[in-house]
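Asker: First the structure, then my questions, so here it is.
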Amino acid sequence: MDLIFNVGGSMAGSGGRQRGPPLFATEKPGRMAMAAYRVSAATVFAGVVLIWLYRATHLPPGGGNGVRRWAWLGMLTAELWFGFYWVLTLSVRWCPVYRRTFKDRLAQSYSEDELPSVDIFVCTADPTAEPPMLVISTVLSVMAYDYLPEKLNIYLSDDAGSVLTFYALCEASEFAKHWIPFCKKYKVEPRSPAAYFAKVASPPDGCGPKEWFTMKELYKDMTDRVNSVVNSGRIPEVPRCHSRGFSQWNENFTSSDHPSIVQILIDGNKQKAVDIDGNALPTLVYMAREKRPREQHHFKAGSLNALIRVSSVISNSPIIMNVDCDMYSNNSESVRDALCFFLDEEQGQDIGFVQYPQNFENVVQNDIYGHPINVVNELDHPCLDGWGGMCYYGTGCFHRREALCGRIYSQEYKEDWTRVAGRTEDANELEEMGRSLVTCTYEHNTIWGIDKGVRYGCPLEDVITGLQIQCRGWRSVYYNPERKGFLGMTPTSLGQILVLYKRWTEGFLQISLSRYSPFLLGHGKIKLGLQMGYSVCGFWAVNSFPTLYYVTIPSICFLNGISLFPEKTSPWFIPFAYVMVAAYSCSLAESLQCGDSAVEWWNAQRMWLIRRITSYLLATIDTFRRILGISESGFNLTVKVADLQALERYKKGMMEFGSFSAMFVILTTVALLNLAYRLCITQINLAI
């Protein structure tokens, strides 16, 4: 694709600082490519209009039982919606942009001492669904970023308050003294030890076999100790003596009923906090906020807000990054890449957050579940970015602290990146202050979760939070580097995938039906194209009824001798055929361009239909049940532990259904109905 480059210039600085060269570039597709795309879209739209015209001018008479007339009107309604949704999707793709950073210029413009400190949040909620070894591998990957360790502060929020997770983090704090200097000395990638030793079978350049095997054995020994403790459920006496933090657990401590815990395991401000080479270590903090059965805790959103408050008294970094516990850092340069956007003195003043894409390492070629991750990351997200606002997706995102805490952007705003968050308090005093900020009652009668921090009251707290930030005048940026910033695990069974999409769909629909709808909250504050971009996902649920109608009613009518489509010999057949062929051809071309195979594209089309008549449908029903007060919103934690046998079947292209679900009843019914339709067609053709 030919690209048009746009790099903003920098001429004058603030605070007496000489502005340097731009730290990132924005690239747009060439005019010819976009013109061809728009001409193609115009012809498809003409075909859609002709289909609407056909339905309107060939309406069956109302005589007899009127079945064909009502079925025809239903088809018209469905096709009107499909056309509207297609136009909505098309408009978002009108102006994609792609970003490129210049880390060499960042190094020239800012010394290491001038770069801002960064607080990194990792969240976990269940040691069974999210095993401690998975969690600490992610923690270790972000501790080993290629960045000044004195300016890195890692916080682990453990919503279960599990002593097993705390023990694993204590082990990780000791292993980090060996792992971090090893990574930086030999430029190891990725820096999650679990991912690295699973992928790399020989020492890196310059590393002797003995040193490499010693490091591998250190990791294996730590893994064995942690897994042994997790399996037995008992903490050995020796570690209990080494950390005073273990004394905070007792026999009355449960995952839903426990006091707040804040423990600084590595205090980066102390001279003794060094690795085996004598270099400073990042600050490492464990936090478990208070939980009581009768108090609302707001799931992940509450956890993130608690981390914002605790970090404000310990490190108070101007940049906050959060990542899910199963989404390890795959690129040690991610911090510096993100800073290229924030620190650009010409274009970066109004950037509120930088979102990296979600990528998954367990997705195989010709994926049976058709994860559309490549098309989403390579096409959909750059298109949103082109309208000035990438969504916040809850992981792999760098935030400006002040934007996340509710500050409204103004042109007079200037960030002082060189400020130092000095502190004089002892670690014990800081821990005590931190515990007081994460009690169950701290947020009562405050604006936390409303106008400050991460928004409450929606399953997609991340998306609505990002929208609020953009409506306060901040801009967001999407960055998709060649080496993926983060890698995680995606579900590998049909049941888990459909449940996940149901949760997302329910959250998007709740946003669309509330006063936080992009068209209401964003009116006059963000571009119309961005409002429409949010609504593409916001209207997922609405697609369920027209799609279910389209895959059932025509088949039922045909089995009863009623035709709802023009004959092949009719001129009106042409727009139906053209729209179908053109739309599928364009979709296939986009998938191939983004790196998918034709098989993956086909699997994605199949999953698109399955999701619409299962996840989207049940999400719609549950949302209206909640509105009517019949049920309440909940949060289903995605299981991060893979069934090895199911994983092997997935790699072989075998679909895993998982446990029974009402979604499978819908899916089976529609499949049997269409099978009967196909058999009937076959019999007619044989008779002819």
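Please note that chains go A, B, ... in the order of the structure tokens, that every chain numbers its residues from 1, and that ligands are numbered from 1 in the order shown.
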Hey, what's within 9 Å of region 669-678 of chain A if we count only C-alpha atoms and toss same-chain stuff fewer than 3 positions away? As a JSON list (two decimals) with N, CA, C and O atoms, in the first residue's frame, please?

Answerer:
```
[["chain", "number", "residue", "atom", "x", "y", "z"],
["A", 548, "LEU", "N", -31.05, -13.69, 12.73],
["A", 548, "LEU", "CA", -31.84, -14.89, 13.06],
["A", 548, "LEU", "C", -33.05, -15.00, 12.13],
["A", 548, "LEU", "O", -33.40, -16.11, 11.68],
["A", 551, "VAL", "N", -31.89, -16.26, 8.61],
["A", 551, "VAL", "CA", -31.44, -17.65, 8.48],
["A", 551, "VAL", "C", -32.54, -18.65, 8.84],
["A", 551, "VAL", "O", -32.30, -19.86, 8.78],
["A", 552, "THR", "N", -33.71, -18.16, 9.22],
["A", 552, "THR", "CA", -34.80, -19.09, 9.56],
["A", 552, "THR", "C", -36.03, -18.90, 8.67],
["A", 552, "THR", "O", -36.51, -19.86, 8.06],
["A", 555, "SER", "N", -36.03, -20.13, 4.93],
["A", 555, "SER", "CA", -36.02, -21.59, 4.84],
["A", 555, "SER", "C", -37.40, -22.16, 5.15],
["A", 555, "SER", "O", -37.89, -23.06, 4.46],
["A", 556, "ILE", "N", -38.04, -21.62, 6.20],
["A", 556, "ILE", "CA", -39.38, -22.09, 6.56],
["A", 556, "ILE", "C", -40.37, -21.79, 5.44],
["A", 556, "ILE", "O", -41.20, -22.65, 5.06],
["A", 558, "PHE", "N", -39.71, -21.39, 2.26],
["A", 558, "PHE", "CA", -39.41, -22.23, 1.10],
["A", 558, "PHE", "C", -39.98, -23.64, 1.29],
["A", 558, "PHE", "O", -40.54, -24.23, 0.34],
["A", 559, "LEU", "N", -39.85, -24.18, 2.51],
["A", 559, "LEU", "CA", -40.39, -25.52, 2.77],
["A", 559, "LEU", "C", -41.91, -25.55, 2.67],
["A", 559, "LEU", "O", -42.51, -26.62, 2.53],
["A", 613, "ILE", "N", -26.26, -15.18, 16.10],
["A", 613, "ILE", "CA", -27.50, -15.85, 16.50],
["A", 613, "ILE", "C", -27.40, -16.52, 17.87],
["A", 613, "ILE", "O", -28.38, -17.13, 18.33],
["A", 664, "PHE", "N", -26.05, -23.44, 22.22],
["A", 664, "PHE", "CA", -25.94, -24.59, 21.33],
["A", 664, "PHE", "C", -27.31, -25.09, 20.88],
["A", 664, "PHE", "O", -27.45, -25.68, 19.81],
["A", 665, "VAL", "N", -28.35, -24.86, 21.71],
["A", 665, "VAL", "CA", -29.71, -25.22, 21.31],
["A", 665, "VAL", "C", -30.14, -24.38, 20.12],
["A", 665, "VAL", "O", -30.70, -24.89, 19.13],
["A", 666, "ILE", "N", -29.89, -23.06, 20.21],
["A", 666, "ILE", "CA", -30.22, -22.17, 19.10],
["A", 666, "ILE", "C", -29.45, -22.57, 17.85],
["A", 666, "ILE", "O", -30.02, -22.68, 16.75],
["A", 681, "ILE", "N", -33.86, -28.56, -1.54],
["A", 681, "ILE", "CA", -33.29, -28.00, -2.78],
["A", 681, "ILE", "C", -32.66, -29.12, -3.62],
["A", 681, "ILE", "O", -32.81, -29.18, -4.85],
["A", 682, "THR", "N", -31.95, -30.01, -2.94],
["A", 682, "THR", "CA", -31.30, -31.12, -3.65],
["A", 682, "THR", "C", -32.33, -32.01, -4.32],
["A", 682, "THR", "O", -32.15, -32.43, -5.49],
["A", 683, "GLN", "N", -33.42, -32.31, -3.63],
["A", 683, "GLN", "CA", -34.46, -33.16, -4.22],
["A", 683, "GLN", "C", -35.10, -32.50, -5.44],
["A", 683, "GLN", "O", -35.38, -33.16, -6.44]]
```

Asker: I'd like a table as a tab-separated table: residues in region 24-82 of chain A with an atom no more than 9 Å from region 578-602 of chain A, each row giving the shortest atom pair and its distance in Å to one decimal, only C-alpha atoms counted, sorted by chain and rising residue number.

Answerer:
```
residue	atom	partner	partner_atom	distance
A:Ser40	CA	A:Ala582	CA	8.3
A:Ala41	CA	A:Ala583	CA	8.9
A:Thr43	CA	A:Val579	CA	8.7
A:Val44	CA	A:Val579	CA	5.6
A:Phe45	CA	A:Val579	CA	8.2
A:Ala46	CA	A:Val579	CA	8.9
A:Gly47	CA	A:Val579	CA	5.8
A:Val48	CA	A:Val579	CA	6.8
```

Asker: Any chance you can output those residues with N, CA and C atoms as a short mmCIF file (atom, residue, chain, number, x, y, z; two decimals), in the first residue's frame?

Answerer:
```
data_model
loop_
_atom_site.label_atom_id
_atom_site.label_comp_id
_atom_site.auth_asym_id
_atom_site.auth_seq_id
_atom_site.Cartn_x
_atom_site.Cartn_y
_atom_site.Cartn_z
N SER A 40 -15.62 1.30 -5.15
CA SER A 40 -16.17 -0.04 -4.93
C SER A 40 -17.31 0.00 -3.93
N ALA A 41 -17.12 0.76 -2.85
CA ALA A 41 -18.17 0.88 -1.84
C ALA A 41 -19.43 1.52 -2.41
N THR A 43 -20.54 1.33 -5.48
CA THR A 43 -21.28 0.38 -6.31
C THR A 43 -22.06 -0.62 -5.44
N VAL A 44 -21.47 -1.03 -4.32
CA VAL A 44 -22.18 -1.93 -3.41
C VAL A 44 -23.40 -1.22 -2.82
N PHE A 45 -23.22 0.05 -2.46
CA PHE A 45 -24.34 0.79 -1.89
C PHE A 45 -25.47 0.93 -2.92
N ALA A 46 -25.10 1.12 -4.18
CA ALA A 46 -26.13 1.18 -5.23
C ALA A 46 -26.90 -0.13 -5.30
N GLY A 47 -26.19 -1.25 -5.14
CA GLY A 47 -26.85 -2.55 -5.13
C GLY A 47 -27.78 -2.69 -3.94
N VAL A 48 -27.36 -2.20 -2.77
CA VAL A 48 -28.20 -2.25 -1.57
C VAL A 48 -29.48 -1.45 -1.78
#
```

Asker: Neighbours of His444 (chain A) within 12 Å (only C-alpha atoms; same-chain residues fewer than 5 positions away dropped), as a PDB file with C-alpha atoms, in the first residue's frame?

Answerer:
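out19.pdb, freshly written:
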```pdb
ATOM      1  CA  GLU A 295     -19.974  -4.172  49.969  1.00  0.00           C
ATOM      2  CA  GLN A 296     -19.875  -3.588  46.211  1.00  0.00           C
ATOM      3  CA  HIS A 297     -16.351  -4.027  44.845  1.00  0.00           C
ATOM      4  CA  LEU A 437      -6.959   4.110  50.493  1.00  0.00           C
ATOM      5  CA  VAL A 438      -8.330   0.681  49.531  1.00  0.00           C
ATOM      6  CA  THR A 439     -10.904   0.026  52.225  1.00  0.00           C
ATOM      7  CA  GLY A 449     -15.907   5.391  39.359  1.00  0.00           C
ATOM      8  CA  ILE A 450     -18.105   8.235  38.091  1.00  0.00           C
TER       9      ILE A 450
END
```

Asker: Just the residues within 12 Å of Cys207 (chain A), please, counting only C-alpha atoms, with nothing from its chain fewer than 5 positions along; format it as a PDB file with all heavy atoms, in the first residue's frame.

Answerer:
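Below you can see part_14.pdb, which holds the result:
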```pdb
ATOM      1  N   PHE A 182      20.095 -10.581  33.243  1.00  0.00           N
ATOM      2  CA  PHE A 182      20.282 -11.527  32.146  1.00  0.00           C
ATOM      3  C   PHE A 182      19.597 -11.012  30.881  1.00  0.00           C
ATOM      4  O   PHE A 182      20.174 -11.032  29.782  1.00  0.00           O
ATOM      5  CB  PHE A 182      19.729 -12.896  32.548  1.00  0.00           C
ATOM      6  CG  PHE A 182      19.799 -13.929  31.465  1.00  0.00           C
ATOM      7  CD1 PHE A 182      20.983 -14.602  31.196  1.00  0.00           C
ATOM      8  CD2 PHE A 182      18.677 -14.244  30.704  1.00  0.00           C
ATOM      9  CE1 PHE A 182      21.051 -15.565  30.192  1.00  0.00           C
ATOM     10  CE2 PHE A 182      18.735 -15.199  29.697  1.00  0.00           C
ATOM     11  CZ  PHE A 182      19.924 -15.864  29.445  1.00  0.00           C
ATOM     12  N   CYS A 183      18.361 -10.536  31.019  1.00  0.00           N
ATOM     13  CA  CYS A 183      17.607 -10.020  29.862  1.00  0.00           C
ATOM     14  C   CYS A 183      18.290  -8.811  29.240  1.00  0.00           C
ATOM     15  O   CYS A 183      18.418  -8.711  28.012  1.00  0.00           O
ATOM     16  CB  CYS A 183      16.188  -9.644  30.296  1.00  0.00           C
ATOM     17  SG  CYS A 183      15.120 -11.032  30.702  1.00  0.00           S
ATOM     18  N   LYS A 184      18.740  -7.887  30.069  1.00  0.00           N
ATOM     19  CA  LYS A 184      19.324  -6.654  29.552  1.00  0.00           C
ATOM     20  C   LYS A 184      20.721  -6.883  28.976  1.00  0.00           C
ATOM     21  O   LYS A 184      21.110  -6.225  28.009  1.00  0.00           O
ATOM     22  CB  LYS A 184      19.347  -5.602  30.661  1.00  0.00           C
ATOM     23  CG  LYS A 184      17.939  -5.153  31.070  1.00  0.00           C
ATOM     24  CD  LYS A 184      17.970  -4.015  32.066  1.00  0.00           C
ATOM     25  CE  LYS A 184      16.552  -3.542  32.359  1.00  0.00           C
ATOM     26  NZ  LYS A 184      16.527  -2.412  33.313  1.00  0.00           N
ATOM     27  N   LYS A 185      21.454  -7.821  29.562  1.00  0.00           N
ATOM     28  CA  LYS A 185      22.801  -8.099  29.079  1.00  0.00           C
ATOM     29  C   LYS A 185      22.774  -8.738  27.704  1.00  0.00           C
ATOM     30  O   LYS A 185      23.570  -8.401  26.818  1.00  0.00           O
ATOM     31  CB  LYS A 185      23.525  -9.001  30.077  1.00  0.00           C
ATOM     32  CG  LYS A 185      24.971  -9.328  29.693  1.00  0.00           C
ATOM     33  CD  LYS A 185      25.617 -10.187  30.766  1.00  0.00           C
ATOM     34  CE  LYS A 185      27.064 -10.521  30.408  1.00  0.00           C
ATOM     35  NZ  LYS A 185      27.705 -11.370  31.446  1.00  0.00           N
ATOM     36  N   TYR A 186      21.825  -9.646  27.474  1.00  0.00           N
ATOM     37  CA  TYR A 186      21.788 -10.400  26.213  1.00  0.00           C
ATOM     38  C   TYR A 186      20.613  -9.999  25.323  1.00  0.00           C
ATOM     39  O   TYR A 186      20.327 -10.679  24.341  1.00  0.00           O
ATOM     40  CB  TYR A 186      21.748 -11.900  26.504  1.00  0.00           C
ATOM     41  CG  TYR A 186      22.968 -12.373  27.271  1.00  0.00           C
ATOM     42  CD1 TYR A 186      22.867 -12.797  28.590  1.00  0.00           C
ATOM     43  CD2 TYR A 186      24.226 -12.344  26.680  1.00  0.00           C
ATOM     44  CE1 TYR A 186      23.983 -13.221  29.304  1.00  0.00           C
ATOM     45  CE2 TYR A 186      25.353 -12.765  27.379  1.00  0.00           C
ATOM     46  CZ  TYR A 186      25.221 -13.195  28.686  1.00  0.00           C
ATOM     47  OH  TYR A 186      26.343 -13.601  29.387  1.00  0.00           O
ATOM     48  N   LYS A 187      19.898  -8.901  25.692  1.00  0.00           N
ATOM     49  CA  LYS A 187      18.793  -8.369  24.885  1.00  0.00           C
ATOM     50  C   LYS A 187      17.769  -9.462  24.569  1.00  0.00           C
ATOM     51  O   LYS A 187      17.377  -9.683  23.413  1.00  0.00           O
ATOM     52  CB  LYS A 187      19.314  -7.717  23.603  1.00  0.00           C
ATOM     53  CG  LYS A 187      20.309  -6.590  23.854  1.00  0.00           C
ATOM     54  CD  LYS A 187      20.686  -5.868  22.584  1.00  0.00           C
ATOM     55  CE  LYS A 187      21.739  -4.790  22.838  1.00  0.00           C
ATOM     56  NZ  LYS A 187      21.309  -3.794  23.831  1.00  0.00           N
ATOM     57  N   VAL A 188      17.357 -10.138  25.596  1.00  0.00           N
ATOM     58  CA  VAL A 188      16.423 -11.264  25.481  1.00  0.00           C
ATOM     59  C   VAL A 188      15.036 -10.763  25.072  1.00  0.00           C
ATOM     60  O   VAL A 188      14.562  -9.743  25.558  1.00  0.00           O
ATOM     61  CB  VAL A 188      16.347 -12.023  26.828  1.00  0.00           C
ATOM     62  CG1 VAL A 188      15.153 -12.949  26.862  1.00  0.00           C
ATOM     63  CG2 VAL A 188      17.634 -12.793  27.064  1.00  0.00           C
ATOM     64  N   SER A 202      18.247 -22.574  22.765  1.00  0.00           N
ATOM     65  CA  SER A 202      19.699 -22.417  22.821  1.00  0.00           C
ATOM     66  C   SER A 202      20.037 -21.039  23.353  1.00  0.00           C
ATOM     67  O   SER A 202      19.209 -20.121  23.303  1.00  0.00           O
ATOM     68  CB  SER A 202      20.311 -22.615  21.434  1.00  0.00           C
ATOM     69  OG  SER A 202      19.778 -21.669  20.517  1.00  0.00           O
ATOM     70  N   TRP A 212      23.496 -19.889  30.530  1.00  0.00           N
ATOM     71  CA  TRP A 212      22.114 -20.032  30.054  1.00  0.00           C
ATOM     72  C   TRP A 212      21.397 -21.150  30.786  1.00  0.00           C
ATOM     73  O   TRP A 212      20.265 -20.990  31.248  1.00  0.00           O
ATOM     74  CB  TRP A 212      22.131 -20.298  28.553  1.00  0.00           C
ATOM     75  CG  TRP A 212      20.772 -20.236  27.920  1.00  0.00           C
ATOM     76  CD1 TRP A 212      20.075 -19.114  27.587  1.00  0.00           C
ATOM     77  CD2 TRP A 212      19.935 -21.347  27.548  1.00  0.00           C
ATOM     78  NE1 TRP A 212      18.868 -19.450  27.018  1.00  0.00           N
ATOM     79  CE2 TRP A 212      18.760 -20.807  26.983  1.00  0.00           C
ATOM     80  CE3 TRP A 212      20.077 -22.723  27.630  1.00  0.00           C
ATOM     81  CZ2 TRP A 212      17.743 -21.617  26.520  1.00  0.00           C
ATOM     82  CZ3 TRP A 212      19.064 -23.534  27.162  1.00  0.00           C
ATOM     83  CH2 TRP A 212      17.904 -22.984  26.617  1.00  0.00           C
ATOM     84  N   PHE A 213      22.050 -22.292  30.929  1.00  0.00           N
ATOM     85  CA  PHE A 213      21.424 -23.421  31.624  1.00  0.00           C
ATOM     86  C   PHE A 213      21.252 -23.120  33.114  1.00  0.00           C
ATOM     87  O   PHE A 213      20.294 -23.586  33.736  1.00  0.00           O
ATOM     88  CB  PHE A 213      22.237 -24.698  31.422  1.00  0.00           C
ATOM     89  CG  PHE A 213      22.034 -25.326  30.083  1.00  0.00           C
ATOM     90  CD1 PHE A 213      23.051 -25.357  29.137  1.00  0.00           C
ATOM     91  CD2 PHE A 213      20.804 -25.890  29.735  1.00  0.00           C
ATOM     92  CE1 PHE A 213      22.854 -25.922  27.885  1.00  0.00           C
ATOM     93  CE2 PHE A 213      20.600 -26.466  28.489  1.00  0.00           C
ATOM     94  CZ  PHE A 213      21.625 -26.486  27.560  1.00  0.00           C
ATOM     95  N   THR A 214      22.166 -22.349  33.698  1.00  0.00           N
ATOM     96  CA  THR A 214      22.007 -21.955  35.093  1.00  0.00           C
ATOM     97  C   THR A 214      20.747 -21.117  35.270  1.00  0.00           C
ATOM     98  O   THR A 214      19.966 -21.322  36.215  1.00  0.00           O
ATOM     99  CB  THR A 214      23.236 -21.159  35.568  1.00  0.00           C
ATOM    100  OG1 THR A 214      24.401 -21.982  35.467  1.00  0.00           O
ATOM    101  CG2 THR A 214      23.054 -20.702  37.017  1.00  0.00           C
ATOM    102  N   MET A 215      20.533 -20.166  34.344  1.00  0.00           N
ATOM    103  CA  MET A 215      19.328 -19.339  34.409  1.00  0.00           C
ATOM    104  C   MET A 215      18.073 -20.184  34.209  1.00  0.00           C
ATOM    105  O   MET A 215      17.062 -20.009  34.909  1.00  0.00           O
ATOM    106  CB  MET A 215      19.406 -18.235  33.343  1.00  0.00           C
ATOM    107  CG  MET A 215      18.197 -17.297  33.313  1.00  0.00           C
ATOM    108  SD  MET A 215      17.894 -16.491  34.884  1.00  0.00           S
ATOM    109  CE  MET A 215      19.401 -15.540  35.043  1.00  0.00           C
TER     110      MET A 215
END
```

Asker: Give me the residues of region 469-503 of chain A that have any atom at most 9 Å from an atom of region 358-379 of chain A; for each, the nearest atom pair and the distance in Å, rounded to one decimal. Use only C-alpha atoms, sort by chain and number, and format it as a tab-separated table.

Answerer:
```
residue	atom	partner	partner_atom	distance
A:Asn480	CA	A:Asn377	CA	7.5
A:Lys484	CA	A:Asn359	CA	7.3
A:Gly485	CA	A:Asn359	CA	8.4
A:Phe486	CA	A:Asn359	CA	6.5
A:Leu487	CA	A:Asn359	CA	5.1
A:Gly488	CA	A:Phe360	CA	4.7
A:Met489	CA	A:Phe360	CA	5.2
A:Thr490	CA	A:Phe360	CA	6.1
A:Pro491	CA	A:Asn362	CA	8.9
A:Thr492	CA	A:Tyr369	CA	7.9
A:Ser493	CA	A:Tyr369	CA	8.4
A:Leu494	CA	A:Tyr369	CA	7.4
A:Ile497	CA	A:Tyr369	CA	8.5
```

Asker: So which one's closest to Glu431 (chain A), A:Arg100, A:Lys525, A:His399, A:Arg309? Using only C-alpha atoms, please.

Answerer: A:Arg309

Asker: How far is it from CA of Leu647 (chain A) to CA of Leu609 (chain A), in Å with one decimal?

Answerer: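 Going from CA of Leu647 (chain A) over to CA of Leu609 (chain A) covers 23.6 Å.
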
Asker: Which residue is closest to Tyr219 (chain A)? Choose from A:Ser192, A:Asn543, A:Asn685, A:Thr505 and count only C-alpha atoms.

Answerer: A:Ser192

Asker: I'd like a table as a tab-separated table: residues in region 350-428 of chain A with an atom no more than 9 Å from region 456-476 of chain A, each row giving the shortest atom pair and its distance in Å to one decimal, only C-alpha atoms counted, sorted by chain and rising residue number.

Answerer:
```
residue	atom	partner	partner_atom	distance
A:Asp350	CA	A:Trp474	CA	5.2
A:Ile351	CA	A:Arg475	CA	4.6
A:Gly352	CA	A:Trp474	CA	5.1
A:Phe353	CA	A:Ser476	CA	5.0
A:Val354	CA	A:Ser476	CA	5.8
A:Gln355	CA	A:Ser476	CA	7.5
A:Asp385	CA	A:Ser476	CA	7.5
A:Gly388	CA	A:Arg475	CA	6.1
A:Gly389	CA	A:Ser476	CA	4.8
A:Met390	CA	A:Ser476	CA	5.5
A:Cys391	CA	A:Gly466	CA	6.0
A:Tyr392	CA	A:Gly466	CA	4.9
A:Tyr393	CA	A:Asp462	CA	5.6
A:Gly394	CA	A:Asp462	CA	4.9
A:Thr395	CA	A:Asp462	CA	8.7
A:Ala403	CA	A:Ile469	CA	6.4
A:Leu404	CA	A:Ile469	CA	6.9
A:Gly406	CA	A:Ile469	CA	7.3
A:Arg407	CA	A:Arg472	CA	7.5
A:Ile408	CA	A:Arg472	CA	4.9
A:Tyr409	CA	A:Gly473	CA	5.1
A:Ser410	CA	A:Gly473	CA	7.3
```

Asker: Please return, as a list in words, all residues of region 296-454 of chain A that DSSP assigns to strand (DSSP E) on the basis of the backbone.

Answerer: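 Strand (DSSP E) assignments inside region 296-454 of chain A correspond to Ile319, Ile320, Met321, Asn322, Val323, Asp324, Tyr328, Ser329, Ile351, Gly352, Phe353, Val354, Gln355, Cys397, Phe398, His399 and Arg400 of chain A.
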
Asker: Find the spatial neighbours of Ala273 (chain A), counting only C-alpha atoms, within a cut-off of 12 Å - ignore same-chain residues fewer than 6 positions away - and output them as a ChimeraX atom specification.

Answerer: /A:149-150,173-174,176-177,264-267,279-284
